[in-house]
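Asks: Shown below is the structure under consideration.
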Amino acid sequence: MTVAVVQFGGSNCDRDAVRALDHLGIEAERVWHADGLPDDVAGVILPGGFSYGDYLRAGAMAARAPVTEEVRAAADRGVPVLGVCNGAQVGCESGLVPGAFTTNADARFHCERAHVRVERADTPFTQAFDEGQVLKLPIAHGEGRFEADDATYDRLVGENRILFRYCDADGAVGAANPNGSRGAVAGLIGDRESVAVLMPHPERATLPQLGPTDGAGILQAFA
Amino acid sequence: MTTYTATVTVRLKNGVLDPEADTTHHALERLGFELEGLRSADRFEVDLSAENRVEARERANEMAERLLANPTIHDYNVEVAER
């Protein structure tokens with residue numbers, strides 16, 4: 001039983017994800033997309049990076065790769081699936097979650113630490129936290145602005161599927177929104193609570209040598 | 001079979017923010033141009049063979065639905081011409 005970190009051409013956070021999970025005592029391995037998922041896969045991470053050079057749209061090509069059908073099937077069996085950054089874009093493009101992550105409102109790449117508020121604490125990815133808790137997580141993206149039409153966004157809110165919103169250090173949502181996301185959405189869940197995507201990088205905030213370790217609680221979903 | 005070129009134009013839906021177009025707009029103004037608006041779009045020219053124009057259009061539509069456009073943020077249109 002191992003967590004598969006799916007590596008596409010252009011993924012660049014796959015090693016970080018494996019190392020962060022190792023640190024937490026969770027068995028994980030990188031899996032080249034063309035090799036498919038292991039039969040006994042215990043979890044899937046779609047890592048950050050620039051799969052297929054972000055050609056067409058960020059995540060568009062990886063979302064149509066055969067392994068993504070396997071990821072969907074695993075998700076349907078209840079295997080936890082987490083898309084991080086480029087993996088979140090792949091998650092939206094593949095329909096694992098609704099909406100789209102597209103060009104930041106200010107058209108700039110943001111590489112910084114951002115505060116996010118935990119919107120619900122009853123999912124595998126947030127069980128380590130309290131609702132309303134403020135986390136500090138690294139972001140590094142040019143296309144992280146969450147977009148959804150009115151009906152989709154209202155449905156997501158109605159179904160309580162927003163996992164994280166950008167906020168200030170005190171947890172206030174509004175002014176602090178580094179990419180202009182609709183509703184300041186930084187992460188959301190799919191049809192199941194065991195499927196989530198987020199733009200911030202929990203694997204970059206897990207090893208104590210790197211600073212804040214708020215990401216460890218998110219990766220505990222795979223423990 | 002007839003050879004066609006299907007031109008698929010993909011653009012952002014009305015109301016979806018287009019930061020790249022805004023940036024381009026400002027750059028044109030910096031160059032001294034006067035303009036009131038600017039929108040950008042992607043155009044794909046797909047060469048294909050089909051029994052007829054209707055079939056060519058259907059295939060190009062499906063390409064747009066499944067890959068070229070993201071229905072969350074994009075509208076698209078398809079024009080088919082004999083090649």
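We label chains A, B, ... in the order they appear in the structure tokens, count residues from 1 in each chain, and number ligands from 1 in the order shown.
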Which neighbours of Ala223 (chain A) fall inside 8 Å, counting only C-alpha atoms, when residues of the same chain fewer than 2 positions from it are skipped, and could you give them as a ChimeraX atom specification?
Replies: /A:25-26,219-221
Asks: Put those residues in a file: all heavy atoms, as a PDB file, in the first residue's frame.
Replies:
ATOM      1  N   GLY A  25       6.110   9.593   7.823  1.00  0.00           N
ATOM      2  CA  GLY A  25       6.022   8.150   8.006  1.00  0.00           C
ATOM      3  C   GLY A  25       5.002   7.493   7.095  1.00  0.00           C
ATOM      4  O   GLY A  25       4.531   6.395   7.379  1.00  0.00           O
ATOM      5  N   ILE A  26       4.669   8.169   6.000  1.00  0.00           N
ATOM      6  CA  ILE A  26       3.688   7.641   5.051  1.00  0.00           C
ATOM      7  C   ILE A  26       4.429   7.149   3.819  1.00  0.00           C
ATOM      8  O   ILE A  26       5.192   7.913   3.197  1.00  0.00           O
ATOM      9  CB  ILE A  26       2.668   8.732   4.664  1.00  0.00           C
ATOM     10  CG1 ILE A  26       1.923   9.229   5.911  1.00  0.00           C
ATOM     11  CG2 ILE A  26       1.683   8.210   3.617  1.00  0.00           C
ATOM     12  CD1 ILE A  26       1.163  10.529   5.697  1.00  0.00           C
ATOM     13  N   LEU A 219      -1.456  16.689   4.613  1.00  0.00           N
ATOM     14  CA  LEU A 219      -0.940  15.413   4.093  1.00  0.00           C
ATOM     15  C   LEU A 219      -1.282  14.241   5.006  1.00  0.00           C
ATOM     16  O   LEU A 219      -1.193  13.079   4.588  1.00  0.00           O
ATOM     17  CB  LEU A 219       0.573  15.514   3.880  1.00  0.00           C
ATOM     18  CG  LEU A 219       1.017  16.569   2.852  1.00  0.00           C
ATOM     19  CD1 LEU A 219       2.538  16.552   2.702  1.00  0.00           C
ATOM     20  CD2 LEU A 219       0.361  16.339   1.496  1.00  0.00           C
ATOM     21  N   GLN A 220      -1.686  14.530   6.248  1.00  0.00           N
ATOM     22  CA  GLN A 220      -2.096  13.446   7.161  1.00  0.00           C
ATOM     23  C   GLN A 220      -3.308  12.693   6.612  1.00  0.00           C
ATOM     24  O   GLN A 220      -3.644  11.611   7.103  1.00  0.00           O
ATOM     25  CB  GLN A 220      -2.422  14.015   8.551  1.00  0.00           C
ATOM     26  CG  GLN A 220      -1.220  14.461   9.358  1.00  0.00           C
ATOM     27  CD  GLN A 220      -0.310  13.318   9.777  1.00  0.00           C
ATOM     28  OE1 GLN A 220      -0.644  12.147   9.603  1.00  0.00           O
ATOM     29  NE2 GLN A 220       0.855  13.660  10.305  1.00  0.00           N
ATOM     30  N   ALA A 221      -3.965  13.261   5.593  1.00  0.00           N
ATOM     31  CA  ALA A 221      -5.079  12.553   4.948  1.00  0.00           C
ATOM     32  C   ALA A 221      -4.628  11.183   4.442  1.00  0.00           C
ATOM     33  O   ALA A 221      -5.447  10.276   4.294  1.00  0.00           O
ATOM     34  CB  ALA A 221      -5.619  13.382   3.789  1.00  0.00           C
TER      35      ALA A 221
END
Asks: Determine, using only C-alpha atoms, which residues of chain A have any atom at most 7 Å from an atom of chain B, and tabulate each with its shortest atom pair and distance in Å to one decimal place, rows ordered by chain and then rising number, as JSON lines.
Replies:
{"residue": "A:Gly99", "atom": "CA", "partner": "B:Thr72", "partner_atom": "CA", "distance": 6.0}
{"residue": "A:Ala100", "atom": "CA", "partner": "B:Thr72", "partner_atom": "CA", "distance": 6.5}
{"residue": "A:Thr103", "atom": "CA", "partner": "B:Pro19", "partner_atom": "CA", "distance": 6.8}
{"residue": "A:Ala105", "atom": "CA", "partner": "B:Pro19", "partner_atom": "CA", "distance": 5.7}
{"residue": "A:Asp106", "atom": "CA", "partner": "B:Pro19", "partner_atom": "CA", "distance": 6.3}
{"residue": "A:Ala107", "atom": "CA", "partner": "B:Pro19", "partner_atom": "CA", "distance": 5.3}
{"residue": "A:Ala148", "atom": "CA", "partner": "B:Thr72", "partner_atom": "CA", "distance": 6.3}
{"residue": "A:Asp149", "atom": "CA", "partner": "B:Thr72", "partner_atom": "CA", "distance": 6.9}
Asks: Keeping only C-alpha atoms, take the residues you just selected and write them out as a PDB file, in the first residue's frame.
Replies:
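Saved as out-v2.pdb:
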ATOM      1  CA  GLY A  99     -14.515  25.216 -11.855  1.00  0.00           C
ATOM      2  CA  ALA A 100     -11.211  26.332 -13.324  1.00  0.00           C
ATOM      3  CA  THR A 103      -4.638  33.523 -14.955  1.00  0.00           C
ATOM      4  CA  ALA A 105      -6.103  38.725 -11.708  1.00  0.00           C
ATOM      5  CA  ASP A 106      -2.945  40.836 -11.731  1.00  0.00           C
ATOM      6  CA  ALA A 107      -1.378  38.656 -14.473  1.00  0.00           C
ATOM      7  CA  ALA A 148     -16.803  29.199 -11.688  1.00  0.00           C
ATOM      8  CA  ASP A 149     -20.097  30.450 -13.066  1.00  0.00           C
TER       9      ASP A 149
END
Asks: Mind checking DSSP for region 1-221 of chain A and telling me the strand (DSSP E or B) residues as a VMD selection string?
Replies: chain A and resid 2 to 7 11 28 to 32 41 to 46 49 81 to 84 100 to 102 110 to 118 134 to 141 145 to 147 162 to 167 185 to 189 195 to 198
Asks: Write down as a PyMOL selection string the residues belonging to chain B that are assigned alpha helix (DSSP H) by DSSP computed on the backbone.
Replies: chain B and resi 19-30+53-63
Asks: If you measure from CA of Gly158 (chain A) to CA of Val79 (chain A), what distance in Å do you get, rounded to one decimal?
Replies: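 So the answer is 24.5 Å.
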Asks: CA of Asp154 (chain A) and CA of Asp170 (chain A), how far apart in Å?
Replies: 25.5 Å
